[in-house]
Each structure stands twice: as C-alpha cells, then as structure tokens.
>>> print(open('start24.txt').read())   # compact mmCIF, C-alpha atoms
# COMPACT_ATOMS: atom_id res chain seq x y z
CA ASN K 1151 93.13 23.54 113.93
CA ASP K 1152 93.91 21.70 117.16
CA GLY K 1153 97.58 21.17 116.30
CA ARG K 1154 97.19 17.43 115.70
CA LEU K 1155 99.46 15.93 113.03
CA HIS K 1156 98.11 13.26 110.67
CA ARG K 1157 100.46 10.75 109.08
CA PHE K 1158 98.30 9.33 106.30
CA ALA K 1159 100.69 8.38 103.51
CA GLU K 1160 104.25 7.17 103.43
CA TRP K 1161 106.70 6.05 100.79
CA TYR K 1162 109.42 4.11 102.49
CA GLY K 1163 111.38 3.08 99.40
CA SER K 1164 112.23 -0.35 100.75
CA THR K 1165 113.02 -3.61 99.00
CA GLY K 1166 110.91 -5.38 101.62
CA VAL K 1167 113.98 -6.35 103.60
CA PRO K 1168 114.17 -4.27 106.80
CA ASP K 1169 116.45 -1.23 106.46
CA GLU K 1170 117.34 -2.04 102.84
CA GLY K 1171 116.57 0.80 100.43
CA LEU K 1172 115.86 0.81 96.71
CA ARG K 1173 118.94 2.96 95.92
CA LEU K 1174 116.95 5.48 93.89
CA THR K 1175 118.55 8.63 92.55
CA ASP K 1176 117.46 12.01 93.88
CA GLU K 1177 115.69 12.61 90.57
CA GLN K 1178 113.76 9.34 90.88
CA VAL K 1179 112.73 10.18 94.45
CA ALA K 1180 111.59 13.69 93.45
CA GLU K 1181 109.54 12.28 90.55
CA GLY K 1182 108.07 9.65 92.88
CA ILE K 1183 107.03 12.30 95.39
CA ARG K 1184 105.38 14.41 92.70
CA ASP K 1185 103.55 11.35 91.30
CA ARG K 1186 102.30 10.27 94.71
CA GLU K 1187 101.15 13.76 95.63
CA ALA K 1188 99.25 14.00 92.34
CA LYS K 1189 97.50 10.67 93.03
CA LEU K 1190 96.52 11.94 96.50
CA GLY K 1191 95.06 15.13 94.98
CA LEU K 1192 97.76 17.27 96.56
CA ALA K 1193 99.49 18.50 93.37
CA GLY K 1194 99.84 22.26 93.16
CA ARG K 1195 99.49 22.85 96.91
CA THR K 1196 102.18 24.68 98.80
CA PHE K 1197 103.96 22.60 101.42
CA TYR K 1198 106.54 23.39 104.02
CA ARG K 1199 109.03 20.62 103.37
CA ILE K 1200 111.86 19.68 105.67
CA GLY K 1201 114.89 17.50 105.15
CA SER K 1202 117.71 16.20 107.29
CA GLN K 1203 121.03 18.04 107.21
CA ASP K 1204 122.59 15.58 104.75
CA CYS K 1205 120.04 16.67 102.12
CA PHE K 1206 121.81 20.04 101.96
CA SER K 1207 125.36 18.70 101.55
CA LYS K 1208 126.99 18.87 98.14
CA LYS K 1209 127.58 15.46 96.62
CA PRO K 1210 130.59 14.18 94.73
CA ASP K 1211 130.46 14.69 90.98
CA TYR K 1212 132.66 13.45 88.17
CA LYS K 1213 135.45 15.75 89.45
CA GLY K 1214 135.34 14.16 92.90
CA GLY K 1215 134.91 16.10 96.10
CA GLY K 1216 131.71 17.95 96.93
CA GLN K 1217 130.94 19.99 93.83
CA GLY K 1218 127.78 18.13 92.80
CA GLU K 1219 124.22 19.21 93.53
CA SER K 1220 122.74 18.46 96.92
CA THR K 1221 119.50 16.52 97.27
CA ALA K 1222 117.75 19.79 98.19
CA GLU K 1223 118.98 21.43 94.98
CA VAL K 1224 117.77 18.50 92.86
CA PHE K 1225 114.39 18.47 94.61
CA ALA K 1226 114.01 22.24 94.05
CA LYS K 1227 114.24 21.63 90.29
CA TYR K 1228 111.08 19.52 90.67
CA GLY K 1229 109.31 22.21 92.70
CA LEU K 1230 109.99 20.43 96.00
CA VAL K 1231 111.68 23.14 98.07
CA MET K 1232 112.99 22.01 101.46
CA GLN K 1233 114.15 23.70 104.64
CA PRO K 1234 116.70 22.11 107.01
CA ALA K 1235 115.18 20.16 109.89
CA ASP K 1236 116.04 20.78 113.52
CA VAL K 1237 118.55 18.12 114.57
CA ASP K 1238 118.38 18.51 118.36
CA ARG K 1239 118.28 14.81 119.32
CA ALA K 1240 117.49 15.50 122.98
CA GLN K 1241 114.40 17.53 122.08
CA LYS K 1242 113.11 15.37 119.25
CA ILE K 1243 112.46 12.27 121.37
CA ARG K 1244 110.66 14.41 123.96
CA ARG K 1245 108.45 16.06 121.37
CA PHE K 1246 107.75 12.74 119.65
CA ARG K 1247 106.74 11.11 122.95
CA GLU K 1248 104.55 14.08 123.85
CA ARG K 1249 102.74 13.82 120.52
CA LEU K 1250 102.04 10.11 121.07
CA ARG K 1251 100.90 10.49 124.67
CA VAL K 1252 97.26 9.65 125.39
CA LYS K 1253 95.69 11.48 128.31
CA THR K 1254 93.51 9.34 130.53
CA ASP K 1255 91.36 9.96 133.58
CA SER K 1256 91.88 8.19 136.92
CA ASP K 1257 89.88 5.19 135.63
CA GLY K 1258 92.10 4.79 132.57
CA ASN K 1259 89.52 6.13 130.11
CA MET K 1260 90.93 8.15 127.24
CA ILE K 1261 90.08 11.82 127.59
CA GLU K 1262 92.38 13.12 124.86
CA ARG K 1263 93.66 11.47 121.73
CA PRO K 1264 97.32 11.55 120.72
CA MET K 1265 98.54 14.62 118.85
CA LEU K 1266 100.15 12.43 116.17
CA VAL K 1267 97.63 10.26 114.41
CA THR K 1268 98.92 7.52 112.13
CA TYR K 1269 96.71 5.80 109.59
CA ARG K 1270 96.95 2.11 108.76
CA THR K 1271 98.32 3.02 105.32
CA CYS K 1272 101.63 3.84 107.05
CA LYS K 1273 102.73 0.24 107.37
CA ASP K 1274 106.44 0.88 107.88
CA PHE K 1275 105.81 3.43 110.64
CA ILE K 1276 103.53 0.94 112.38
CA ARG K 1277 106.06 -1.86 111.89
CA THR K 1278 109.17 -0.01 113.04
CA ILE K 1279 108.14 2.39 115.83
CA PRO K 1280 107.31 -0.26 118.49
CA ALA K 1281 110.54 -2.13 117.68
CA ILE K 1282 113.02 0.76 117.98
CA PRO K 1283 115.41 0.05 120.84
CA VAL K 1284 116.56 2.72 123.26
CA ASP K 1285 120.23 3.68 123.04
CA GLU K 1286 122.14 1.62 125.63
CA ASN K 1287 124.18 4.67 126.70
CA ASN K 1288 121.40 7.27 126.63
CA ILE K 1289 117.80 6.46 127.55
CA GLU K 1290 116.74 9.80 126.05
CA ASP K 1291 117.64 8.64 122.54
CA VAL K 1292 117.01 5.70 120.25
CA ASP K 1293 119.65 3.33 118.92
CA GLY K 1294 120.90 5.06 115.78
CA ASP K 1295 121.91 1.70 114.29
CA SER K 1296 118.29 0.50 114.33
CA GLU K 1297 115.77 0.90 111.52
CA ASP K 1298 114.75 4.39 112.58
CA HIS K 1299 113.81 6.18 109.33
CA PRO K 1300 110.07 6.57 110.06
CA TYR K 1301 110.97 7.70 113.58
CA ASP K 1302 113.40 10.31 112.27
CA ASP K 1303 111.02 11.79 109.74
CA SER K 1304 108.20 11.90 112.30
CA CYS K 1305 110.47 13.58 114.83
CA GLN K 1306 111.42 16.20 112.27
CA ILE K 1307 107.80 17.25 111.81
CA CYS K 1308 107.23 17.15 115.58
CA MET K 1309 110.20 19.50 116.00
CA MET K 1310 108.76 21.85 113.40
CA ARG K 1311 105.26 21.89 114.91
CA ASP K 1312 105.77 22.44 118.64
CA LEU K 1313 102.69 21.70 120.75
CA LYS K 1314 103.15 24.67 123.04
CA ALA K 1315 103.66 27.14 120.20
CA SER K 1316 100.60 25.89 118.31
CA GLY K 1317 98.31 26.17 121.33
CA ALA K 1318 97.55 22.46 120.98
CA ARG K 1319 96.51 20.05 123.72
CA ARG K 1320 93.10 21.55 124.19
CA LYS K 1321 90.39 19.29 125.51
CA ASP K 1322 89.43 16.62 122.99
CA LYS K 1323 86.18 17.53 121.20
CA LEU K 1324 85.01 13.91 121.07
CA HIS K 1325 85.25 13.72 124.84
CA GLU K 1326 83.28 16.94 125.17
CA ALA K 1327 80.60 15.43 122.93
CA GLY K 1328 80.49 12.30 125.07
CA VAL K 1329 81.94 10.01 122.35
>>> encode(input="start24.txt", output="structure tokens")
Amino acid sequence: NDGRLHRFAEWYGSTGVPDEGLRLTDEQVAEGIRDREAKLGLAGRTFYRIGSQDCFSKKPDYKGGGQGESTAEVFAKYGLVMQPADVDRAQKIRRFRERLRVKTDSDGNMIERPMLVTYRTCKDFIRTIPAIPVDENNIEDVDGDSEDHPYDDSCQICMMRDLKASGARRKDKLHEAGV
C-alpha cells in the first residue's frame, strides 16, 4: 500500500555466460512463466503484464516478411496478456534512480527504505545493476550495448508505477516505530 515495488523472483533465461540467452521459443517462455507462477502460488491471479515494443511486432513466418504472430499474441494464447511498456528512455532512468534512492538524515542514518526492494533470489539483477556503464554520450542513459536486461525490465515497471501518482514516499513505518 505504500507504493513500494518488490522484485522477488526472476527468470533470466541465461546459459550462465553473461548476456547469452537460451534461445527459447515464445511458446517455451510462456510455458516457463506459467510453470514458475504456479510454483510460486500465483497461478490464476490477474496480473498487469508489460512488454517492450518488440514483443508486439509481427515476426517472419514461412512466407517471409512480418506475417507471423508477435510474442504478445503467442503469450496471450497461454493467458499471459501484455500491454506495451513506456519506452521514454529519459524518464526511465530517472524513475529507476528515484525508486532506488535511500533517504537519510543529516547523520547518514536511513530514514526511508528504497521504493524498489530486490530479494537475494534475483541473482542476475544483483549481478548486473552495479556493473551497468553509463552511456559515454549521454549521462542520463545507460550503455545500450551492456548487459542491461534486468535494468530494462525494472525500468518498465518503474515507468508503469509512478511514485507521485501512487502517493508513495510516505514516511517509512519502521522509522516511525523506532526500528
């Protein structure tokens, strides 16, 4: 209710080599998402799902060109309906940084926790976020050639859940309780 986002599970789909994917089909990914959600006890819940713009582009089929189903269309067959994510690169880094910001008092003591909480089960987020370089030509963006997948998906949810619109950033309850 305080607008805080919790990143508690991730499926990176990596071979173990940085930025090298498993090359799964859209069907395999959709099945994997459904299986993982079932194991987490989330099956049957309604989710607002977002996907990058390329998820909504038609793919080549046996005829060539872009007549094949998009990733979003394939996912919808599995009950995973997506909406396009906001792609404003200038805003997404600002919103991401704001979510990670820790408020401190003049002595450096934390008075408010970050608005994006990541659990230790999100190993690839924890591994990649500190290592993402800033774009050499634009300090308000990250280097798009870096391993930025966890950053991108986190930014997409931060864009969807604006702090100001949600009324978030109220005083931390743990601080109020003296913890």
>>> residues_around(input="start24.txt", residues="segment 1174-1183 of chain K", least_positions_apart="3", cutoff="12 Å", atoms="only C-alpha atoms", output="PyMOL selection string")
chain K and resi 1159-1165+1170-1171+1186-1190+1192-1193+1199+1205+1209+1219-1232
>>> atom_distance(input="start24.txt", atom1="atom CA of Glu1290 of chain K", atom2="atom CA of Ile1243 of chain K")
6.8 Å
>>> closest_residue(input="start24.txt", among="K:Pro1168, K:Lys1208, K:Asn1259, K:Arg1251", to="Asp1298 of chain K", atoms="all atoms listed in the file")
K:Pro1168
>>> residues_near_point(input="start24.txt", point="(114.5, 1.6, 118.5)", cutoff="8 Å", atoms="all atoms listed in the file", output="list in words")
Thr1278, Ile1279, Pro1280, Ala1281, Ile1282, Pro1283, Val1284, Asp1285, Val1292, Asp1293, Gly1294, Ser1296, Glu1297 and Asp1298 of chain K
>>> atom_distance(input="start24.txt", atom1="atom CA of Arg1157 of chain K", atom2="atom CA of Asp1204 of chain K")
23.1 Å
>>> atom_distance(input="start24.txt", atom1="atom CA of Lys1273 of chain K", atom2="atom CA of Phe1158 of chain K")
10.2 Å
>>> closest_residue(input="start24.txt", among="K:Asp1255, K:Asp1236, K:Glu1286, K:Asp1211", to="Asp1303 of chain K", atoms="only C-alpha atoms")
K:Asp1236
>>> closest_residue(input="start24.txt", among="K:Phe1206, K:Phe1246, K:Tyr1301, K:Phe1197", to="Arg1277 of chain K", atoms="only C-alpha atoms")
K:Tyr1301
>>> closest_residue(input="start24.txt", among="K:Gln1217, K:Thr1196, K:Gly1191, K:Leu1250", to="Val1267 of chain K", atoms="only C-alpha atoms")
K:Leu1250
>>> closest_residue(input="start24.txt", among="K:Gln1233, K:Asn1288, K:Gln1203, K:Asn1151", to="Leu1313 of chain K", atoms="all atoms listed in the file")
K:Asn1151
>>> closest_residue(input="start24.txt", among="K:Leu1172, K:Cys1308, K:Ile1289, K:Leu1155", to="Asp1238 of chain K", atoms="all atoms listed in the file")
K:Cys1308
>>> residues_around(input="start24.txt", residues="Arg1249 of chain K", least_positions_apart="6", cutoff="6 Å", atoms="all atoms listed in the file", output="list in words")
Pro1264, Met1265 and Leu1266 of chain K
>>> residues_near_point(input="start24.txt", point="(119.4, 19.9, 108.6)", cutoff="6 Å", atoms="only C-alpha atoms", output="VMD selection string")
chain K and resid 1202 to 1203 1234 to 1235
